[in-house]
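All remarks here apply to the structure that follows.
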Amino acid sequence: MRVVCPHCGERDRREFTYQGAAEILDRPAPEVENDAWADYLHLRENPAGETRDMWYHDPCGAWIVMHRDTVSHAVHGGELASEVRK
Amino acid sequence: MRIAGKGLIDTSKTVSFSFDGRRIEGAEGDTVTSALLANDIRLVARSFKYHRPRGILTAGSEEPNALVTTGSGAGAEPNVRATMVEIHEGLEVKSQNRWPSLGFDVLSVNDLAAPFFGAGFYYKTFMWPGALWEKLYEPLIRRAAGLGALSGDNNEDRYERAYAFCDLLVIGAGPAGLMAALTAARAGADVILADEDSRMGGRLLAECEEIDGKPGHIWAAEAVAELAGMENVRLMPRTTVTGAYDQGTYGALERVGLHKAADGHLPRECFWRIVARRSILAAGALERPIAFPDNDRPGIMNAGAVRAYLNRWGVAAGKRVAVYGNNDGAHQTARDLMDAGVEVAAVIDSRKDASVALDAPVITGGRVIATSGRLGLEEITVATGSGQERLKVDCLAVSGGWNPTVHLACHMNGRPVWDEAIQSFVPKAGMIPGMEAAGAANGVFSTAGCLADGAKAGEAAAADLGKKASKTKMPKASDSAYRLEPLWVVEGKGRQWLDFQNDVTVKDVRLAAKENYRSVEHMKRYTTQGMAPDQGKNSNVGALAVLADATGRGIPETGTTTYRPPFVPVSIAAMGAGAQGKGFAPQRFTTSHAASVERGAPMIEAGMWYRPSYFPRPGEKTWRQACDREVTMVREAVGICDVSTLGKIDVQGPDAAAFLDFVYTNTMSTLPVGKVRYGLMLREDGHVMDDGTCARFGEGHFVITTTTAAAALVMRHLEFVAQGLRPDLDVQLVSVTEQWAQFGVVGPKSRDLLNDLLDAPISDETLPYMGHQAAQVMGVRGRLFRISFSGEHAYELAVPARFGEALYRVLVARAEMLGGGAYGMEALNVLRIEKGHITHAEIHGRTTAFDIGFDKMISRKKDCVGQKMAAREGMVEESREQLVGLKPVGAVKQLTAGAHIFVEDAQAKRENDQGYVTSVCYSPTVQSFLGLGFLKNGRARYGERVRLVDHLRGVEAVCEVVNPVFFDPEGGRLRG
Ligand SMILES: [Zn+2]
């Protein structure tokens with residue numbers, strides 16, 4: 001499998017660490033009640049098709065929001081997490 | 001029988017090998033099967049379940065019957081397809097699944113009991129009683145059924161893994177693959193051409209055909225020579241592409257040295273990962289047998305294989321041969337045999353209207369309804385329409401048609417489509433992104449068609465890659481039509497074999513359908529059809545046809561099972577090459593490694609690092625003696641320990657302090673420059689992630705440490721927080737673990753030792769506990785931290801890594817002069833347990849700050865990772881298991897980590913479980929075993945007696961629950 005790093009281009013997936021759904025970027029404020037926090041931490045969609053998830057490119061240290069397809073396994077590309085959050 | 005003047009190999013060069021101990025002479029270029037057939041040996045193997053005598057069916061990697069063991073000793077390789085083994089001098093080949101011999105096999109009684117061993121036999125027979133499964137049924141079945149066995153010894157043979165990249169991967173070097181590679185390579189594409197045969201050319205090597213007025217194999221050799229001369233082409237013979245994976249990644253297995261005697265230099269095999277922007281599947285087609293009664297006798301072969309042995313290796317598979325087929329292609333077999341002077345007893349064409357222009361007896365509309373010959377074919381019975389005819393033959397060449405080799409195209413779960421004209425499945429476009437099928441793999445069966453299809457695919461790939469192919473001049477070749485009439489099963493007395501490798505018959509498939517295993521996936525699992533090493537290459541389409549017929553559906557509606565990699569069996573040795581022993585994981589060495597080894601320290605793994613366990617001295621017989629001495633040495637004098645393996649992260653930027661406030665539970669922004677603070681990090685779910693120290697070097701400059709085990713995890717986490725959660729903060733992180741060598745100088749004499757070395761001496765005033773400063777040691781600029789993991793007056797001295805080894809040697813020598821010395825991981829562990837300090841044995845992922853007594857370290861004045869969830873109900877309950885110390889007070893003085901804690905007089909069972917022990921040691925300081933553990937409501941239970949039960953090791957001990965800080969609870973020693 002080949003994964004795309006915005007810094008380094010297409011690289012072997014063994015250079016990356018997978019972290020789970022990109023919703024982890026939407027951290028609630030501390031005052032939000034526990035239920036919403038529990039959802040943020042533990043409740044995940046299980047999409048068949050388009051998905052966005054977090055990948056860390058170990059050689060360059062970039063956290064990437066990857067656009068992928070869980071059915072076709074296509075990797076459409078990624079954006080730097082720091083850009084997505086801005 | 002070798003026929004003089006036939007074949008493409010040089011029969012004057014003799015090569016001998018052994019088969020079941022018997023010396024066999026073959027010729028250079030022979031495979032085991034061509035050499036055996038040249039010596040008139042037909043019986044090669046016993047079948048999987050019934051121990052039926054079996055011979056050679058094919059001439060390729062799909063071979064289901066002729067599986068053998070090659071080599072001997074540790075490196076003996078079982079279940080090798082003899083068709084793929086090139087003979088070399090001294091090669092040892094053994095048949096399998098027989099005892100005492102191939103000709104007389106005791107377990108062939110299984111065959112007589114066959115009525116009991118039908119489909120679903122395992123499921124029906126061995127269901128009850130369950131207790132007998134492990135002890136009786138399974139060993140029995142494993143002994144009776146099976147193929148070859150591994151030696152069980154460590155195989156020292158060399159294997160390799162490698163990587164390759166290209167624009168275009170062409171899979172298969174027959175007419176289509178060669179044309180595709182030529183076309184794309186001439187256009188400038190970077191091409192890899194892989195073919196599993198030792199010689200490229202595919203069917204052109206097996207047929208008597210002409211291309212551009214010359215023999216096909218000559219045309220192929222010229223094409224290969226042209227490709228070999230091009231810099232942008234890499235030829236990979238003996239390389240089977242085994243799998244198609246995501247984003248143009250392909251697995252391939254190369255037989256690098258298997259065709260030679262092992263010399264220790266060439267690896268036996270190499271497993272390749274090839275990344276290709278485009279690929280062309282030109283893997284050809286596989287001939288399929290016909291399921292007529294007793295169609296599995298040695299001597300009954302695929303017609304195309306009979307031609308291959310004749311035309312490539314100059315070997316006639318029999319002296320008197322009959323040909324049986326449902327298509328025009330089979331006639332060529334008779335033609336080639338007669339041209340070579342072999343007697344053809346009959347050509348049996350199942351089609352009533354077949355026109356056969358041959359100078360041999362022809363039976364149109366005929367069916368082979370019986371065969372005989374115990375260890376090899378002797379006679380066949382043919383139903384001619386008007387009656388029955390018996391023919392004495394020693395070989396029957398059979399063709400039920402050809403199946404395109406679609407496997408790789410289906411590896412990403414795409415399903416092939418049914419092609420009515422060829423009565424088989426062909427790939428559909430787009431099943432593997434970037435892959436195109438061409439030639440026979442694409443359902444095109446004439447030579448001219450294959451050449452044209454290959455050229456077309458090569459042009460298309462070149463265009464996709466941005467290269468322009470010049471117009472290809474098509475070579476002239478035969479364009480004979482491929483006509484067939486489906487023929488799957490011939491009824492009659494006797495079993496009709498479908499899956500030779502797994503001993504599955506037509507009756508088994510029908511039984512599955514009758515018992516309602518109508519889905520093809522269910523039928524497969526119920527009968528085991530298609531589950532053997534050949535993965536149904538010879539039997540899938542035939543079995544489908546039988547199932548379709550039995551269930552009253554068409555073949556396309558019945559569908560295929562899932563094709564999975566690998567296309568051929570891949571040895572684990574090749575796939576995992578280099579990963580044995582020390583190759584399993586990278587090794588990281590500290591700068592003091594050599595010095596520790598010189599001192600006789602056994603090195604133990606800590607993650608990928610290697611650290612000294614203890615430093616034995618003369619007279620010490622056990623590790624405990626060394627450890628006890630080292631602990632006492634540290635408590636009474638001074639010890640030196642390399643702590644460079646702890647993660648070190650340099651944090652800089654205007655918002656560095658705010659960032660650290662967010663990742664640590666406690667506040668780092670209030671830490672003065674020149675000071676160090678202990679810090680705790682949580683996961684966002686409120687559990688403890690890691691702990692370490694945080695030293696401030698400037699307003700916007702900190703250096704933090706992590707535990708050795710969690711260094712990479714913490715780095716990744718901090719980057720995640722910086723980039724993903726707090727991109728508003730201006731902060732940069734870099735790991736400096738490798739850049740600094742850092743040594744603990746620990747014990748009451750630590751300052752004396754340092755003051756002898758430092759360019760400017762230190763005192764309590766200049767460097768108090770939890771302070772740090774720049775320090776110059778023997779002219780080298782370093783960093784000095786006054787921190788302690790042992791509870792002693794201690795320092796950590798860091799210098800650039802290139803000075804590490806020299807400094808370590810100096811520190812140890814100085815320590816020894818002061819009555820101290822080096823200490824290892826064992827003593828380090830004892831020292832920290834005596835102080836109740838935690839490691840990842842305690843913060844193992846399920847403990848909270850509350851559990852370890854650090855609840856107050858979570859500041860409420862600011863937000864931090866994990867703060868919200870750590871405060872959840874249930875995360876801070878008194879009834880939770882809390883960190884406690886445990887001290888033996890009963891007769892048994894030894895404690896074991898992993899033991900569970902029970903109320904003293906309670907029964908030691910799960911319902912009564914009160915907690916568990918995480919760390920234990922013998923403390924020479926306290927002169928007792930000590931334990932750390934987690935106990936329900938533990939902090940309120942100091943003084944209570946509990947029972948520790950280690951069910952695994954059978955150790956029980958009565959302990960008193962105590963404060964986890966066993967030694968110097970006031971911390972007076974820290975301050976010197
Ligand atoms: Zn990168």
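Chains: A, B, ... in order of the structure tokens. Residues: from 1 per chain. Ligands: from 1, in order shown.
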
**Study point:** Nearby polymer residues, ligand 1, at most 7 Å, only C-alpha atoms and all ligand atoms, as number ranges by chain
**Key:** A: 5-8, 57, 59-62

Practice item. Give me, as number ranges by chain, the contact residues of chain B against chain A at a cut-off of 8 Å, counting only C-alpha atoms. Key: B: 245-249, 684-685, 716, 719-720, 723-725, 727-728, 863, 868-869, 872

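Nearest residue to Lys893 (chain B), choosing from B:Val489, B:Val920, B:Val876, B:Leu310 and counting only C-alpha atoms: B:Val920.
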
Check your understanding: Counting only C-alpha atoms, what is within 8 Å of Met857 (chain B), bar same-chain residues fewer than 5 positions away, as a ChimeraX atom specification?
Key -> /B:665-666,680,849

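By only C-alpha atoms, and with residues fewer than 6 positions from Ala228 (chain B) along its chain excluded, the set lying at most 12 Å from it is Leu178, Ala181, Leu182, Ala185, Val191, Ile192, Leu193, Met200, Ala221, Glu222, Arg234, Leu235, Met236 and Pro237 of chain B.
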
Write the residues you've just listed into a file as a compact mmCIF listing (two decimals), in the first residue's frame, and include all heavy atoms for each of them.
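Result saved to again.txt:
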# COMPACT_ATOMS: atom_id res chain seq x y z
N LEU B 178 5.66 -10.58 -24.17
CA LEU B 178 6.84 -10.10 -24.89
C LEU B 178 6.49 -8.92 -25.78
O LEU B 178 7.22 -7.93 -25.83
CB LEU B 178 7.43 -11.25 -25.74
CG LEU B 178 8.18 -12.33 -24.95
CD1 LEU B 178 8.55 -13.50 -25.86
CD2 LEU B 178 9.43 -11.76 -24.28
N ALA B 181 5.88 -5.84 -23.55
CA ALA B 181 7.12 -5.29 -23.01
C ALA B 181 7.91 -4.59 -24.11
O ALA B 181 8.44 -3.49 -23.91
CB ALA B 181 7.96 -6.41 -22.39
N LEU B 182 7.98 -5.21 -25.30
CA LEU B 182 8.71 -4.59 -26.42
C LEU B 182 8.11 -3.24 -26.79
O LEU B 182 8.82 -2.24 -26.95
CB LEU B 182 8.66 -5.52 -27.65
CG LEU B 182 9.64 -6.70 -27.68
CD1 LEU B 182 9.31 -7.62 -28.86
CD2 LEU B 182 11.09 -6.22 -27.78
N ALA B 185 8.63 -0.68 -23.90
CA ALA B 185 10.04 -0.38 -23.68
C ALA B 185 10.59 0.45 -24.84
O ALA B 185 11.37 1.38 -24.64
CB ALA B 185 10.84 -1.66 -23.51
N VAL B 191 10.53 -0.72 -17.76
CA VAL B 191 9.73 -1.95 -17.76
C VAL B 191 10.39 -3.05 -16.94
O VAL B 191 11.60 -3.26 -17.03
CB VAL B 191 9.51 -2.46 -19.21
CG1 VAL B 191 8.79 -3.80 -19.22
CG2 VAL B 191 8.73 -1.43 -20.02
N ILE B 192 9.60 -3.74 -16.15
CA ILE B 192 10.03 -5.01 -15.55
C ILE B 192 9.19 -6.11 -16.20
O ILE B 192 7.96 -6.02 -16.23
CB ILE B 192 9.84 -5.03 -14.02
CG1 ILE B 192 10.84 -4.08 -13.35
CG2 ILE B 192 10.02 -6.46 -13.48
CD1 ILE B 192 10.72 -4.04 -11.83
N LEU B 193 9.87 -7.12 -16.74
CA LEU B 193 9.18 -8.27 -17.31
C LEU B 193 9.48 -9.48 -16.42
O LEU B 193 10.63 -9.89 -16.30
CB LEU B 193 9.65 -8.52 -18.75
CG LEU B 193 9.09 -9.77 -19.44
CD1 LEU B 193 7.57 -9.75 -19.54
CD2 LEU B 193 9.70 -9.92 -20.84
N MET B 200 12.23 -17.49 -20.89
CA MET B 200 11.07 -16.71 -21.31
C MET B 200 10.57 -17.16 -22.67
O MET B 200 11.35 -17.59 -23.51
CB MET B 200 11.43 -15.23 -21.30
CG MET B 200 11.65 -14.70 -19.88
SD MET B 200 11.83 -12.93 -19.84
CE MET B 200 11.64 -12.64 -18.07
N ALA B 221 13.22 -15.86 -28.38
CA ALA B 221 14.60 -15.63 -27.95
C ALA B 221 15.10 -14.29 -28.47
O ALA B 221 15.82 -13.56 -27.79
CB ALA B 221 15.50 -16.78 -28.43
N GLU B 222 14.72 -13.95 -29.71
CA GLU B 222 15.14 -12.67 -30.29
C GLU B 222 14.50 -11.49 -29.55
O GLU B 222 15.14 -10.47 -29.30
CB GLU B 222 14.81 -12.62 -31.78
CG GLU B 222 15.74 -13.51 -32.60
CD GLU B 222 15.32 -13.65 -34.06
OE1 GLU B 222 14.34 -12.97 -34.47
OE2 GLU B 222 15.96 -14.44 -34.78
N ARG B 234 14.15 -4.47 -17.22
CA ARG B 234 14.72 -5.44 -16.30
C ARG B 234 13.98 -6.75 -16.50
O ARG B 234 12.76 -6.81 -16.35
CB ARG B 234 14.50 -4.93 -14.88
CG ARG B 234 14.98 -5.87 -13.82
CD ARG B 234 14.68 -5.25 -12.47
NE ARG B 234 15.54 -5.81 -11.46
CZ ARG B 234 15.90 -5.18 -10.36
NH1 ARG B 234 15.49 -3.96 -10.14
NH2 ARG B 234 16.65 -5.77 -9.47
N LEU B 235 14.72 -7.80 -16.85
CA LEU B 235 14.11 -9.11 -17.05
C LEU B 235 14.19 -9.89 -15.75
O LEU B 235 15.26 -9.97 -15.15
CB LEU B 235 14.83 -9.87 -18.16
CG LEU B 235 14.79 -9.22 -19.55
CD1 LEU B 235 15.60 -10.05 -20.54
CD2 LEU B 235 13.36 -9.07 -20.05
N MET B 236 13.09 -10.45 -15.33
CA MET B 236 13.08 -11.25 -14.10
C MET B 236 12.55 -12.64 -14.38
O MET B 236 11.38 -12.92 -14.15
CB MET B 236 12.27 -10.54 -13.01
CG MET B 236 12.88 -9.21 -12.59
SD MET B 236 11.95 -8.37 -11.27
CE MET B 236 12.37 -9.38 -9.86
N PRO B 237 13.40 -13.54 -14.91
CA PRO B 237 12.96 -14.93 -15.09
C PRO B 237 12.89 -15.61 -13.72
O PRO B 237 13.40 -15.07 -12.74
CB PRO B 237 14.06 -15.53 -15.96
CG PRO B 237 15.28 -14.72 -15.66
CD PRO B 237 14.79 -13.33 -15.30

Check your understanding: What residues in chain A get the DSSP label alpha helix (DSSP H)? Please answer as a PyMOL selection string.
Key -> chain A and resi 34-42+81-84

Point to revise | Residues within 10 Å of region 909-913 of chain B, only C-alpha atoms, excluding chain neighbours under 5 positions, as a list in words | key: His900, Ile901, Phe902, Val903, Leu935, Lys936, Val949 and His951 of chain B

Write the residues of the preceding selection, restricted to all heavy atoms, as a PDB file, in the first residue's frame.
ATOM      1  N   HIS B 900      -2.034 -12.302  42.290  1.00  0.00           N
ATOM      2  CA  HIS B 900      -3.253 -11.551  42.623  1.00  0.00           C
ATOM      3  C   HIS B 900      -3.395 -11.453  44.141  1.00  0.00           C
ATOM      4  O   HIS B 900      -2.851 -12.253  44.893  1.00  0.00           O
ATOM      5  CB  HIS B 900      -4.474 -12.189  41.968  1.00  0.00           C
ATOM      6  CG  HIS B 900      -4.606 -11.785  40.535  1.00  0.00           C
ATOM      7  ND1 HIS B 900      -5.610 -10.962  40.085  1.00  0.00           N
ATOM      8  CD2 HIS B 900      -3.808 -12.047  39.469  1.00  0.00           C
ATOM      9  CE1 HIS B 900      -5.427 -10.732  38.790  1.00  0.00           C
ATOM     10  NE2 HIS B 900      -4.356 -11.398  38.392  1.00  0.00           N
ATOM     11  N   ILE B 901      -4.131 -10.407  44.556  1.00  0.00           N
ATOM     12  CA  ILE B 901      -4.224 -10.112  45.986  1.00  0.00           C
ATOM     13  C   ILE B 901      -5.628 -10.473  46.493  1.00  0.00           C
ATOM     14  O   ILE B 901      -6.631 -10.116  45.849  1.00  0.00           O
ATOM     15  CB  ILE B 901      -3.938  -8.614  46.267  1.00  0.00           C
ATOM     16  CG1 ILE B 901      -2.612  -8.193  45.589  1.00  0.00           C
ATOM     17  CG2 ILE B 901      -3.896  -8.333  47.759  1.00  0.00           C
ATOM     18  CD1 ILE B 901      -2.322  -6.701  45.697  1.00  0.00           C
ATOM     19  N   PHE B 902      -5.655 -11.177  47.615  1.00  0.00           N
ATOM     20  CA  PHE B 902      -6.917 -11.584  48.224  1.00  0.00           C
ATOM     21  C   PHE B 902      -6.904 -11.214  49.704  1.00  0.00           C
ATOM     22  O   PHE B 902      -5.837 -11.093  50.313  1.00  0.00           O
ATOM     23  CB  PHE B 902      -7.122 -13.094  48.081  1.00  0.00           C
ATOM     24  CG  PHE B 902      -7.155 -13.540  46.652  1.00  0.00           C
ATOM     25  CD1 PHE B 902      -5.989 -13.919  45.995  1.00  0.00           C
ATOM     26  CD2 PHE B 902      -8.355 -13.552  45.943  1.00  0.00           C
ATOM     27  CE1 PHE B 902      -6.001 -14.300  44.673  1.00  0.00           C
ATOM     28  CE2 PHE B 902      -8.379 -13.943  44.606  1.00  0.00           C
ATOM     29  CZ  PHE B 902      -7.206 -14.326  43.975  1.00  0.00           C
ATOM     30  N   VAL B 903      -8.111 -11.037  50.260  1.00  0.00           N
ATOM     31  CA  VAL B 903      -8.210 -10.903  51.715  1.00  0.00           C
ATOM     32  C   VAL B 903      -7.632 -12.181  52.311  1.00  0.00           C
ATOM     33  O   VAL B 903      -7.786 -13.266  51.724  1.00  0.00           O
ATOM     34  CB  VAL B 903      -9.695 -10.713  52.120  1.00  0.00           C
ATOM     35  CG1 VAL B 903      -9.865 -10.796  53.632  1.00  0.00           C
ATOM     36  CG2 VAL B 903     -10.209  -9.387  51.575  1.00  0.00           C
ATOM     37  N   LEU B 935      -4.342  -2.298  44.789  1.00  0.00           N
ATOM     38  CA  LEU B 935      -5.272  -2.944  45.708  1.00  0.00           C
ATOM     39  C   LEU B 935      -6.509  -2.074  45.838  1.00  0.00           C
ATOM     40  O   LEU B 935      -6.402  -0.841  45.976  1.00  0.00           O
ATOM     41  CB  LEU B 935      -4.594  -3.116  47.075  1.00  0.00           C
ATOM     42  CG  LEU B 935      -5.435  -3.726  48.196  1.00  0.00           C
ATOM     43  CD1 LEU B 935      -5.798  -5.182  47.888  1.00  0.00           C
ATOM     44  CD2 LEU B 935      -4.698  -3.634  49.536  1.00  0.00           C
ATOM     45  N   LYS B 936      -7.656  -2.696  45.799  1.00  0.00           N
ATOM     46  CA  LYS B 936      -8.914  -1.953  45.946  1.00  0.00           C
ATOM     47  C   LYS B 936      -8.877  -1.113  47.223  1.00  0.00           C
ATOM     48  O   LYS B 936      -8.578  -1.644  48.291  1.00  0.00           O
ATOM     49  CB  LYS B 936     -10.103  -2.911  45.993  1.00  0.00           C
ATOM     50  CG  LYS B 936     -10.494  -3.403  44.610  1.00  0.00           C
ATOM     51  CD  LYS B 936     -11.710  -4.315  44.640  1.00  0.00           C
ATOM     52  CE  LYS B 936     -12.028  -4.756  43.219  1.00  0.00           C
ATOM     53  NZ  LYS B 936     -12.862  -5.946  43.179  1.00  0.00           N
ATOM     54  N   VAL B 949      -1.491 -14.536  45.749  1.00  0.00           N
ATOM     55  CA  VAL B 949      -1.521 -15.875  45.157  1.00  0.00           C
ATOM     56  C   VAL B 949      -1.116 -15.778  43.688  1.00  0.00           C
ATOM     57  O   VAL B 949      -1.746 -15.062  42.911  1.00  0.00           O
ATOM     58  CB  VAL B 949      -2.932 -16.505  45.277  1.00  0.00           C
ATOM     59  CG1 VAL B 949      -2.913 -17.915  44.676  1.00  0.00           C
ATOM     60  CG2 VAL B 949      -3.372 -16.529  46.728  1.00  0.00           C
ATOM     61  N   HIS B 951      -1.157 -17.997  40.801  1.00  0.00           N
ATOM     62  CA  HIS B 951      -1.666 -19.293  40.332  1.00  0.00           C
ATOM     63  C   HIS B 951      -0.736 -19.925  39.301  1.00  0.00           C
ATOM     64  O   HIS B 951      -0.623 -21.139  39.225  1.00  0.00           O
ATOM     65  CB  HIS B 951      -3.057 -19.112  39.716  1.00  0.00           C
ATOM     66  CG  HIS B 951      -4.119 -18.825  40.729  1.00  0.00           C
ATOM     67  ND1 HIS B 951      -4.547 -17.539  41.009  1.00  0.00           N
ATOM     68  CD2 HIS B 951      -4.820 -19.635  41.543  1.00  0.00           C
ATOM     69  CE1 HIS B 951      -5.487 -17.594  41.936  1.00  0.00           C
ATOM     70  NE2 HIS B 951      -5.679 -18.845  42.283  1.00  0.00           N
TER      71      HIS B 951
END
